[in-house]
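**Student:** Take a look at structure.pdb, PDB, C-alpha atoms, pLDDT in the B column:
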ATOM      1  CA  MET F 277     -62.817 -49.418  37.554  1.00 47.00           C
ATOM      2  CA  LYS F 278     -62.832 -49.074  41.332  1.00 48.00           C
ATOM      3  CA  PRO F 279     -65.661 -46.967  42.905  1.00 45.00           C
ATOM      4  CA  CYS F 280     -63.214 -44.404  44.250  1.00 43.00           C
ATOM      5  CA  SER F 281     -61.580 -44.047  40.822  1.00 48.00           C
ATOM      6  CA  LEU F 282     -64.985 -43.695  39.174  1.00 43.00           C
ATOM      7  CA  PHE F 283     -65.962 -40.972  41.639  1.00 40.00           C
ATOM      8  CA  LEU F 284     -62.702 -39.106  41.030  1.00 39.00           C
ATOM      9  CA  THR F 285     -63.174 -39.301  37.261  1.00 40.00           C
ATOM     10  CA  LEU F 286     -66.734 -38.006  37.549  1.00 38.00           C
ATOM     11  CA  ALA F 287     -65.585 -35.143  39.778  1.00 42.00           C
ATOM     12  CA  LEU F 288     -62.931 -34.163  37.238  1.00 41.00           C
ATOM     13  CA  LEU F 289     -65.473 -34.252  34.425  1.00 43.00           C
ATOM     14  CA  LEU F 290     -67.843 -32.027  36.366  1.00 45.00           C
ATOM     15  CA  SER F 291     -65.162 -29.522  37.238  1.00 43.00           C
ATOM     16  CA  SER F 292     -63.893 -29.369  33.652  1.00 42.00           C
ATOM     17  CA  CYS F 293     -67.344 -28.905  32.115  1.00 52.00           C
ATOM     18  CA  SER F 294     -68.577 -26.368  34.683  1.00 56.00           C
ATOM     19  CA  PRO F 295     -65.519 -24.429  35.841  1.00 63.00           C
ATOM     20  CA  PRO F 296     -65.910 -22.311  38.980  1.00 70.00           C
ATOM     21  CA  PHE F 297     -66.791 -18.710  38.302  1.00 74.00           C
ATOM     22  CA  ASP F 298     -65.272 -16.031  40.509  1.00 81.00           C
ATOM     23  CA  ARG F 299     -67.670 -13.238  41.435  1.00 88.00           C
ATOM     24  CA  ILE F 300     -67.050 -10.007  39.521  1.00 89.00           C
ATOM     25  CA  GLU F 301     -67.865  -6.542  40.851  1.00 93.00           C
ATOM     26  CA  GLU F 302     -67.294  -3.276  39.006  1.00 92.00           C
ATOM     27  CA  GLU F 303     -68.405   0.091  40.414  1.00 93.00           C
ATOM     28  CA  LYS F 304     -69.071   3.580  39.048  1.00 93.00           C
ATOM     29  CA  ILE F 305     -68.762   2.722  35.383  1.00 93.00           C
ATOM     30  CA  HIS F 306     -69.657   5.800  33.343  1.00 92.00           C
ATOM     31  CA  ILE F 307     -72.139   5.192  30.524  1.00 88.00           C
ATOM     32  CA  ASP F 308     -73.665   7.645  28.057  1.00 85.00           C
ATOM     33  CA  ILE F 309     -77.459   7.729  28.211  1.00 82.00           C
ATOM     34  CA  PRO F 310     -78.963  10.198  25.713  1.00 76.00           C
ATOM     35  CA  SER F 311     -82.160  11.820  26.983  1.00 73.00           C
ATOM     36  CA  GLY F 312     -84.854  13.831  25.254  1.00 67.00           C
ATOM     37  CA  GLN F 313     -87.918  15.775  26.303  1.00 63.00           C
ATOM     38  CA  LYS F 314     -89.571  12.590  27.540  1.00 69.00           C
ATOM     39  CA  GLY F 315     -86.510  11.517  29.506  1.00 75.00           C
ATOM     40  CA  ILE F 316     -84.368   8.414  29.099  1.00 81.00           C
ATOM     41  CA  ASN F 317     -84.800   6.311  25.991  1.00 83.00           C
ATOM     42  CA  ILE F 318     -85.020   2.733  27.237  1.00 85.00           C
ATOM     43  CA  GLY F 319     -83.468   1.392  24.032  1.00 86.00           C
ATOM     44  CA  ASP F 320     -80.379   3.578  24.463  1.00 88.00           C
ATOM     45  CA  LEU F 321     -80.104   2.592  28.124  1.00 90.00           C
ATOM     46  CA  LEU F 322     -80.363  -1.128  27.333  1.00 91.00           C
ATOM     47  CA  ASN F 323     -77.740  -0.876  24.611  1.00 90.00           C
ATOM     48  CA  SER F 324     -75.304   0.984  26.857  1.00 91.00           C
ATOM     49  CA  VAL F 325     -75.698  -1.474  29.721  1.00 94.00           C
ATOM     50  CA  MET F 326     -75.608  -4.517  27.427  1.00 93.00           C
ATOM     51  CA  ASN F 327     -72.330  -3.338  25.935  1.00 92.00           C
ATOM     52  CA  GLU F 328     -70.761  -3.228  29.404  1.00 93.00           C
ATOM     53  CA  VAL F 329     -72.191  -6.590  30.487  1.00 94.00           C
ATOM     54  CA  ALA F 330     -70.980  -8.176  27.231  1.00 95.00           C
ATOM     55  CA  HIS F 331     -67.383  -7.510  28.295  1.00 93.00           C
ATOM     56  CA  PHE F 332     -67.871 -10.249  30.891  1.00 93.00           C
ATOM     57  CA  LEU F 333     -70.810 -12.268  29.510  1.00 94.00           C
ATOM     58  CA  PRO F 334     -70.837 -12.013  25.708  1.00 95.00           C
ATOM     59  CA  ASN F 335     -73.963 -14.151  25.328  1.00 95.00           C
ATOM     60  CA  ALA F 336     -76.017 -12.623  28.140  1.00 95.00           C
ATOM     61  CA  TYR F 337     -79.648 -11.648  27.601  1.00 95.00           C
ATOM     62  CA  LEU F 338     -82.076  -9.452  29.537  1.00 95.00           C
ATOM     63  CA  THR F 339     -84.248 -11.132  32.204  1.00 95.00           C
ATOM     64  CA  GLY F 340     -85.534  -8.318  34.412  1.00 95.00           C
ATOM     65  CA  PHE F 341     -86.114  -4.575  34.815  1.00 96.00           C
ATOM     66  CA  VAL F 342     -86.646  -2.508  37.973  1.00 97.00           C
ATOM     67  CA  PHE F 343     -86.996   1.267  38.305  1.00 96.00           C
ATOM     68  CA  ALA F 344     -86.963   2.917  41.736  1.00 95.00           C
ATOM     69  CA  GLY F 345     -87.299   6.632  42.376  1.00 95.00           C
ATOM     70  CA  LYS F 346     -89.673   9.480  43.085  1.00 94.00           C
ATOM     71  CA  CYS F 347     -93.122   9.197  41.538  1.00 94.00           C
ATOM     72  CA  ALA F 348     -92.708  12.566  39.822  1.00 93.00           C
ATOM     73  CA  ASP F 349     -89.522  11.297  38.121  1.00 94.00           C
ATOM     74  CA  LEU F 350     -91.078   8.087  36.804  1.00 94.00           C
ATOM     75  CA  PRO F 351     -91.918   9.317  33.259  1.00 91.00           C
ATOM     76  CA  GLN F 352     -88.299  10.449  32.759  1.00 91.00           C
ATOM     77  CA  LEU F 353     -86.868   7.313  34.446  1.00 92.00           C
ATOM     78  CA  ARG F 354     -84.830   9.613  36.646  1.00 93.00           C
ATOM     79  CA  GLY F 355     -83.576   7.458  39.485  1.00 94.00           C
ATOM     80  CA  SER F 356     -82.199   3.931  39.800  1.00 96.00           C
ATOM     81  CA  VAL F 357     -82.653   1.383  37.009  1.00 96.00           C
ATOM     82  CA  THR F 358     -81.675  -2.218  37.748  1.00 97.00           C
ATOM     83  CA  LEU F 359     -81.326  -4.613  34.832  1.00 97.00           C
ATOM     84  CA  THR F 360     -80.698  -8.331  35.296  1.00 96.00           C
ATOM     85  CA  PHE F 361     -79.121 -10.642  32.736  1.00 96.00           C
ATOM     86  CA  ALA F 362     -78.456 -14.357  32.408  1.00 94.00           C
ATOM     87  CA  GLU F 363     -76.029 -16.413  30.374  1.00 93.00           C
ATOM     88  CA  SER F 364     -76.286 -20.178  30.065  1.00 89.00           C
ATOM     89  CA  ARG F 365     -73.142 -22.259  29.605  1.00 84.00           C
ATOM     90  CA  PRO F 366     -73.047 -26.021  28.967  1.00 81.00           C
ATOM     91  CA  GLY F 367     -72.210 -28.318  31.861  1.00 68.00           C
ATOM     92  CA  PHE F 368     -71.917 -32.072  32.403  1.00 66.00           C
ATOM     93  CA  LEU F 369     -75.122 -32.745  34.324  1.00 67.00           C
ATOM     94  CA  THR F 370     -76.717 -29.312  34.231  1.00 74.00           C
ATOM     95  CA  LYS F 371     -76.242 -25.945  32.609  1.00 82.00           C
ATOM     96  CA  GLN F 372     -74.181 -23.323  34.351  1.00 86.00           C
ATOM     97  CA  ILE F 373     -76.197 -20.113  34.789  1.00 89.00           C
ATOM     98  CA  LEU F 374     -74.239 -16.895  35.185  1.00 91.00           C
ATOM     99  CA  TRP F 375     -76.272 -13.994  36.518  1.00 92.00           C
ATOM    100  CA  ALA F 376     -75.481 -10.307  36.155  1.00 94.00           C
ATOM    101  CA  VAL F 377     -77.059  -7.355  37.958  1.00 96.00           C
ATOM    102  CA  ALA F 378     -76.444  -3.859  36.603  1.00 97.00           C
ATOM    103  CA  VAL F 379     -77.633  -0.914  38.704  1.00 97.00           C
ATOM    104  CA  THR F 380     -77.592   2.449  36.945  1.00 95.00           C
ATOM    105  CA  ASN F 381     -78.141   5.895  38.425  1.00 95.00           C
ATOM    106  CA  THR F 382     -79.645   7.620  35.395  1.00 92.00           C
ATOM    107  CA  GLU F 383     -78.974  11.096  36.782  1.00 91.00           C
ATOM    108  CA  ASP F 384     -75.244  10.552  37.378  1.00 91.00           C
ATOM    109  CA  GLN F 385     -75.004   8.064  34.473  1.00 91.00           C
ATOM    110  CA  LEU F 386     -72.954   5.735  36.666  1.00 94.00           C
ATOM    111  CA  MET F 387     -73.415   1.994  36.818  1.00 95.00           C
ATOM    112  CA  ASP F 388     -72.421  -0.815  39.192  1.00 96.00           C
ATOM    113  CA  ILE F 389     -72.214  -4.393  37.899  1.00 96.00           C
ATOM    114  CA  SER F 390     -72.046  -7.640  39.843  1.00 95.00           C
ATOM    115  CA  ILE F 391     -71.779 -11.044  38.160  1.00 94.00           C
ATOM    116  CA  GLU F 392     -71.870 -14.441  39.847  1.00 92.00           C
ATOM    117  CA  ASP F 393     -72.646 -18.089  39.301  1.00 88.00           C
ATOM    118  CA  GLY F 394     -76.377 -18.473  39.893  1.00 80.00           C
ATOM    119  CA  THR F 395     -76.603 -22.172  39.030  1.00 80.00           C
ATOM    120  CA  SER F 396     -77.398 -23.240  42.584  1.00 77.00           C
ATOM    121  CA  TYR F 397     -79.905 -20.418  43.117  1.00 76.00           C
ATOM    122  CA  TYR F 398     -83.383 -19.829  41.782  1.00 70.00           C
ATOM    123  CA  VAL F 399     -82.780 -16.951  39.388  1.00 74.00           C
ATOM    124  CA  ALA F 400     -85.017 -15.763  36.559  1.00 77.00           C
ATOM    125  CA  THR F 401     -83.759 -17.103  33.249  1.00 83.00           C
ATOM    126  CA  ASP F 402     -86.694 -16.341  30.936  1.00 90.00           C
ATOM    127  CA  ARG F 403     -85.750 -13.862  28.236  1.00 93.00           C
ATOM    128  CA  LEU F 404     -87.394 -10.428  28.583  1.00 93.00           C
ATOM    129  CA  ASN F 405     -88.065  -8.637  25.297  1.00 91.00           C
ATOM    130  CA  LEU F 406     -89.362  -5.139  25.986  1.00 88.00           C
ATOM    131  CA  ASN F 407     -89.411  -4.362  22.268  1.00 84.00           C
ATOM    132  CA  GLY F 408     -92.165  -6.931  21.818  1.00 83.00           C
ATOM    133  CA  ASP F 409     -94.669  -5.015  23.966  1.00 88.00           C
ATOM    134  CA  LYS F 410     -97.539  -3.185  22.271  1.00 91.00           C
ATOM    135  CA  ILE F 411     -97.474  -0.591  25.060  1.00 92.00           C
ATOM    136  CA  SER F 412     -94.107   1.177  25.268  1.00 91.00           C
ATOM    137  CA  LEU F 413     -92.296   1.746  28.537  1.00 92.00           C
ATOM    138  CA  ASN F 414     -92.930   5.498  28.232  1.00 90.00           C
ATOM    139  CA  GLU F 415     -96.651   4.795  27.990  1.00 93.00           C
ATOM    140  CA  VAL F 416     -96.455   2.408  30.942  1.00 95.00           C
ATOM    141  CA  THR F 417     -94.839   5.072  33.145  1.00 95.00           C
ATOM    142  CA  GLU F 418     -97.538   7.588  32.215  1.00 94.00           C
ATOM    143  CA  ILE F 419    -100.304   5.077  32.955  1.00 96.00           C
ATOM    144  CA  ALA F 420     -98.680   4.179  36.284  1.00 96.00           C
ATOM    145  CA  LEU F 421     -98.257   7.789  37.388  1.00 95.00           C
ATOM    146  CA  LYS F 422    -101.835   8.669  36.451  1.00 95.00           C
ATOM    147  CA  ASN F 423    -103.187   5.733  38.452  1.00 94.00           C
ATOM    148  CA  ILE F 424    -101.029   6.564  41.486  1.00 94.00           C
ATOM    149  CA  ALA F 425    -102.477  10.107  41.378  1.00 93.00           C
ATOM    150  CA  GLU F 426    -106.049   8.808  41.029  1.00 93.00           C
ATOM    151  CA  LEU F 427    -105.489   6.543  44.038  1.00 91.00           C
ATOM    152  CA  GLY F 428    -104.502   9.651  46.038  1.00 89.00           C
ATOM    153  CA  PHE F 429    -100.871   8.779  46.726  1.00 88.00           C
ATOM    154  CA  PHE F 430     -99.057  11.239  44.492  1.00 88.00           C
ATOM    155  CA  ASP F 431     -97.131  13.956  46.375  1.00 85.00           C
ATOM    156  CA  SER F 432     -93.548  15.168  46.839  1.00 82.00           C
ATOM    157  CA  ASP F 433     -92.694  12.237  49.169  1.00 86.00           C
ATOM    158  CA  CYS F 434     -94.119   9.551  46.915  1.00 92.00           C
ATOM    159  CA  GLU F 435     -91.659   6.798  45.896  1.00 94.00           C
ATOM    160  CA  VAL F 436     -92.394   4.221  43.208  1.00 96.00           C
ATOM    161  CA  VAL F 437     -90.981   0.855  42.173  1.00 95.00           C
ATOM    162  CA  LEU F 438     -91.754  -0.370  38.647  1.00 97.00           C
ATOM    163  CA  THR F 439     -90.797  -4.003  37.989  1.00 97.00           C
ATOM    164  CA  ARG F 440     -90.920  -6.289  34.987  1.00 95.00           C
ATOM    165  CA  VAL F 441     -89.836  -9.914  35.181  1.00 91.00           C
ATOM    166  CA  GLY F 442     -92.755 -11.870  33.728  1.00 88.00           C
ATOM    167  CA  ASP F 443     -95.761 -10.991  31.610  1.00 91.00           C
ATOM    168  CA  SER F 444     -96.852  -7.813  33.386  1.00 94.00           C
ATOM    169  CA  TRP F 445     -95.521  -4.584  34.848  1.00 97.00           C
ATOM    170  CA  ASP F 446     -95.760  -4.525  38.659  1.00 96.00           C
ATOM    171  CA  VAL F 447     -96.104  -1.133  40.321  1.00 96.00           C
ATOM    172  CA  GLY F 448     -95.769  -0.293  44.000  1.00 95.00           C
ATOM    173  CA  CYS F 449     -95.777   3.073  45.743  1.00 93.00           C
ATOM    174  CA  GLU F 450     -94.796   4.178  49.240  1.00 89.00           C
ATOM    175  CA  HIS F 451     -93.871   7.309  51.172  1.00 82.00           C
ATOM    176  CA  LEU F 452     -90.381   8.202  52.374  1.00 71.00           C
ATOM    177  CA  GLU F 453     -91.597   8.817  55.933  1.00 70.00           C
ATOM    178  CA  THR F 454     -93.206   5.407  56.463  1.00 71.00           C
ATOM    179  CA  PHE F 455     -91.603   3.048  53.900  1.00 71.00           C
ATOM    180  CA  ILE F 456     -94.897   1.172  53.965  1.00 79.00           C
ATOM    181  CA  ARG F 457     -96.254  -0.112  50.646  1.00 82.00           C
ATOM    182  CA  GLU F 458     -99.390   1.974  50.112  1.00 85.00           C
ATOM    183  CA  CYS F 459    -100.475   0.941  46.634  1.00 92.00           C
ATOM    184  CA  GLU F 460     -99.930  -1.988  44.311  1.00 94.00           C
ATOM    185  CA  PHE F 461    -101.216  -2.766  40.838  1.00 96.00           C
ATOM    186  CA  THR F 462    -100.155  -4.348  37.570  1.00 96.00           C
ATOM    187  CA  ILE F 463    -100.210  -3.056  33.999  1.00 97.00           C
ATOM    188  CA  ASP F 464    -100.760  -5.328  31.019  1.00 96.00           C
ATOM    189  CA  PRO F 465     -98.032  -4.544  28.438  1.00 95.00           C
ATOM    190  CA  SER F 466    -100.278  -5.709  25.588  1.00 93.00           C
ATOM    191  CA  ASN F 467    -103.068  -3.168  26.174  1.00 94.00           C
ATOM    192  CA  GLY F 468    -102.200  -0.919  29.130  1.00 95.00           C
ATOM    193  CA  ILE F 469    -105.073  -2.216  31.273  1.00 95.00           C
ATOM    194  CA  ILE F 470    -104.572  -1.868  35.041  1.00 96.00           C
ATOM    195  CA  LYS F 471    -105.269  -4.933  37.184  1.00 93.00           C
ATOM    196  CA  ASN F 472    -104.926  -6.232  40.734  1.00 87.00           C
ATOM    197  CA  ILE F 473    -105.245  -2.841  42.439  1.00 84.00           C
ATOM    198  CA  LYS F 474    -104.405  -3.033  46.152  1.00 83.00           C
ATOM    199  CA  PRO F 475    -104.597   0.449  47.702  1.00 68.00           C
TER     200      PRO F 475
END
Reformat the file's structure so that it appears as C-alpha cells.
**Tutor:**
Amino acid sequence: MKPCSLFLTLALLLSSCSPPFDRIEEEKIHIDIPSGQKGINIGDLLNSVMNEVAHFLPNAYLTGFVFAGKCADLPQLRGSVTLTFAESRPGFLTKQILWAVAVTNTEDQLMDISIEDGTSYYVATDRLNLNGDKISLNEVTEIALKNIAELGFFDSDCEVVLTRVGDSWDVGCEHLETFIRECEFTIDPSNGIIKNIKP
C-alpha cells in the first residue's frame, strides 16, 4: 500500500472511531430541587442534574462540585452550584472524553448545561463519589462557615467558594468590595479536620 493511501486509511479509521462532537449548550432548564429546613438536599440536586445530563451523555459520571454564594447562604446551598461530568467513549488511538458543565441557580431552580469534546484538553476525569464521604456535605458547610467566622471574615459582604475535585474540600472566602481572596483552607471529608489555613 502506498504511503498516501495508508495515511488516508488511517485518517478514515480515526474519524470513524472518534467522530467529531458538536458543542451543545442549553440554557434556563427548569429542575425541581426539594428543600427542607437545612436547605438543598445534595442527593436530590445530583439526581435532578444527572437526569438532564443523561439526555446528552447517558454514561456520564460526576467529576467535580463547586458552590459559590454568600457565606450566610452556604449551609442551605443557596446560590450557584456547578457540577462537572465526564463520559469516556472508545477511540482508535485514544479515548474520546466528553465533558459536561451544569450550572444551577438553586434559588431560581434554573440550570445551564454546556457539553463539549474535552479529549484534547486536560479535564478532570476521576469519578467523584460524594456518598462515600464519612462527613456529609451539610456537615462540611457548617464546618466551613464556623471556621470562616472564627477567622474573622464572616459578615454580610462575605462570599464563599466551596470546591471538590479531588480528595478534599477546598474553601475560599472573599468580600464583594475587593474580590480579593481573604481566606483559604481545606476540609478532610473523612473526618472534618481543617487543614492548610491561609488567612
**Student:** Translate the PyMOL selection byres ((chain F and resi 458-460) around 7) into a concrete residue list for this structure, as a list in words.
**Tutor:** Val447, Gly448, Cys449, Glu450, Ile456, Arg457, Phe461, Ile473, Lys474 and Pro475 of chain F
**Student:** Just to be explicit: take each residue in the selection above, keep C-alpha atoms, and write the result as a short mmCIF file (atom, residue, chain, number, x, y, z; two decimals), in the frame of the given file.
**Tutor:**
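Result file is result_15.cif:
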data_model
loop_
_atom_site.label_atom_id
_atom_site.label_comp_id
_atom_site.auth_asym_id
_atom_site.auth_seq_id
_atom_site.Cartn_x
_atom_site.Cartn_y
_atom_site.Cartn_z
CA VAL F 447 -96.10 -1.13 40.32
CA GLY F 448 -95.77 -0.29 44.00
CA CYS F 449 -95.78 3.07 45.74
CA GLU F 450 -94.80 4.18 49.24
CA ILE F 456 -94.90 1.17 53.96
CA ARG F 457 -96.25 -0.11 50.65
CA PHE F 461 -101.22 -2.77 40.84
CA ILE F 473 -105.24 -2.84 42.44
CA LYS F 474 -104.40 -3.03 46.15
CA PRO F 475 -104.60 0.45 47.70
#
**Student:** Which neighbours of Ile307 (chain F) fall inside 8 Å, counting only C-alpha atoms, when residues of the same chain fewer than 4 positions from it are skipped, and could you give them as a PyMOL selection string?
**Tutor:** chain F and resi 324-325+385-387
**Student:** If you count all atoms listed in the file, which residues fall within 8 Å of region 389-391 of chain F, apart from same-chain ones fewer than 6 positions away, as a ChimeraX atom specification?
**Tutor:** /F:299-303,329,374-379
**Student:** Take the PyMOL selection byres ((chain F and resi 356) around 9), run it mentally on this structure, and tell me the resulting residues as a CSV table (one decimal) with C-alpha atoms, in the frame of the given file.
**Tutor:**
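Output file out_30.csv is given in full below:
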chain,number,residue,atom,x,y,z
F,342,VAL,CA,-86.6,-2.5,38.0
F,343,PHE,CA,-87.0,1.3,38.3
F,344,ALA,CA,-87.0,2.9,41.7
F,345,GLY,CA,-87.3,6.6,42.4
F,353,LEU,CA,-86.9,7.3,34.4
F,354,ARG,CA,-84.8,9.6,36.6
F,355,GLY,CA,-83.6,7.5,39.5
F,357,VAL,CA,-82.7,1.4,37.0
F,358,THR,CA,-81.7,-2.2,37.7
F,379,VAL,CA,-77.6,-0.9,38.7
F,380,THR,CA,-77.6,2.4,36.9
F,381,ASN,CA,-78.1,5.9,38.4
F,382,THR,CA,-79.6,7.6,35.4
F,383,GLU,CA,-79.0,11.1,36.8
**Student:** For CA of Glu363 (chain F) and CA of Phe341 (chain F), quote the distance in Å rounded to one decimal.
**Tutor:**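 So the two atoms, CA of Glu363 (chain F) and CA of Phe341 (chain F), lie 16.2 Å apart.
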**Student:** My list of candidates is F:Leu438, F:Gly340, F:Phe429, F:Leu452. Which is closest to Val399 (chain F) when distances are computed with all atoms listed in the file?
**Tutor:**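 Distance minimum relative to Val399 (chain F) lands on F:Gly340.
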**Student:** Quick one: distance from CA of Leu359 (chain F) to CA of Tyr337 (chain F) in Å, one decimal?
**Tutor:**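 These two atoms are separated by 10.2 Å.
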**Student:** Give me the residues near Pro351 (chain F) as a VMD selection string, where near means some atom within 12 Å (using all atoms listed in the file) and where sequence neighbours in that chain fewer than 2 positions away do not count.
**Tutor:** chain F and resid 311 to 318 343 to 349 353 to 355 412 to 422 436 438
**Student:** With only C-alpha atoms as the counted atoms, please give the residues lying no more than 12 Å from Ile411 (chain F), apart from itself and same-chain residues fewer than 5 positions off, as a PyMOL selection string.
**Tutor:** chain F and resi 406+416-419+444-445+463-469
**Student:** F:Glu453, F:Gly408, F:Asp446, F:Asp298: which is nearest Phe332 (chain F), counting all atoms listed in the file?
**Tutor:**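 Nearest to Phe332 (chain F): F:Asp298.
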**Student:** Hey, which of F:Glu392, F:Ile470, F:Ile305, F:Val441 ends up closest to Ile424 (chain F)? Count only C-alpha atoms.
**Tutor:** F:Ile470
**Student:** Using the file's own x, y and z axes, what box holds all listed atoms of region 375-384 of chain F with 8 Å on each side, keeping edges along x, y and z, and what are its centre and edge lengths in Å to one decimal, as AutoDock Vina command-line options?
**Tutor:**
--center_x -77.4 --center_y -1.4 --center_z 37.0 --size_x 20.4 --size_y 41.1 --size_z 19.3
**Student:** Give the answer as one residue: which of F:Asp433, F:Ala425, F:Arg440, F:Asp384 has the shortest atom-to-atom distance to His306 (chain F), using all atoms listed in the file?
**Tutor:**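 Among the listed residues, the smallest separation from His306 (chain F) belongs to F:Asp384.
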**Student:** Go ahead and compute the interatomic distance for CA of Thr454 (chain F) and CA of Leu350 (chain F), in Å to one decimal.
**Tutor:**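 Taking CA of Thr454 (chain F) as the start and CA of Leu350 (chain F) as the end point, the length is 20.0 Å.
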**Student:** Rank F:Ile309, F:Ala400, F:Leu333, F:Cys434 by their smallest atom-to-atom distance to Phe297 (chain F), using all atoms listed in the file, and report the top residue only.
**Tutor:**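 The closest residue to Phe297 (chain F) is F:Leu333.
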**Student:** For the structure shown, which residues end up in the PyMOL selection byres ((chain F and resi 372) around 8)? Put them as JSON, numbers by chain, please?
**Tutor:** {"F": [294, 364, 365, 366, 367, 370, 371, 373, 374, 393, 394, 395]}
**Student:** May I have the residues from that selection written out with C-alpha atoms, as a compact mmCIF listing (two decimals), in the coordinates of the input?
**Tutor:**
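Output saved as result-v5.txt:
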# COMPACT_ATOMS: atom_id res chain seq x y z
CA SER F 294 -68.58 -26.37 34.68
CA SER F 364 -76.29 -20.18 30.06
CA ARG F 365 -73.14 -22.26 29.60
CA PRO F 366 -73.05 -26.02 28.97
CA GLY F 367 -72.21 -28.32 31.86
CA THR F 370 -76.72 -29.31 34.23
CA LYS F 371 -76.24 -25.94 32.61
CA ILE F 373 -76.20 -20.11 34.79
CA LEU F 374 -74.24 -16.90 35.18
CA ASP F 393 -72.65 -18.09 39.30
CA GLY F 394 -76.38 -18.47 39.89
CA THR F 395 -76.60 -22.17 39.03
**Student:** For Lys304 (chain F), which residue out of F:Asp409, F:Glu435, F:Asp443, F:Asp388 is the nearest one, using all atoms listed in the file?
**Tutor:**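 For Lys304 (chain F), the nearest of the given residues is F:Asp388.
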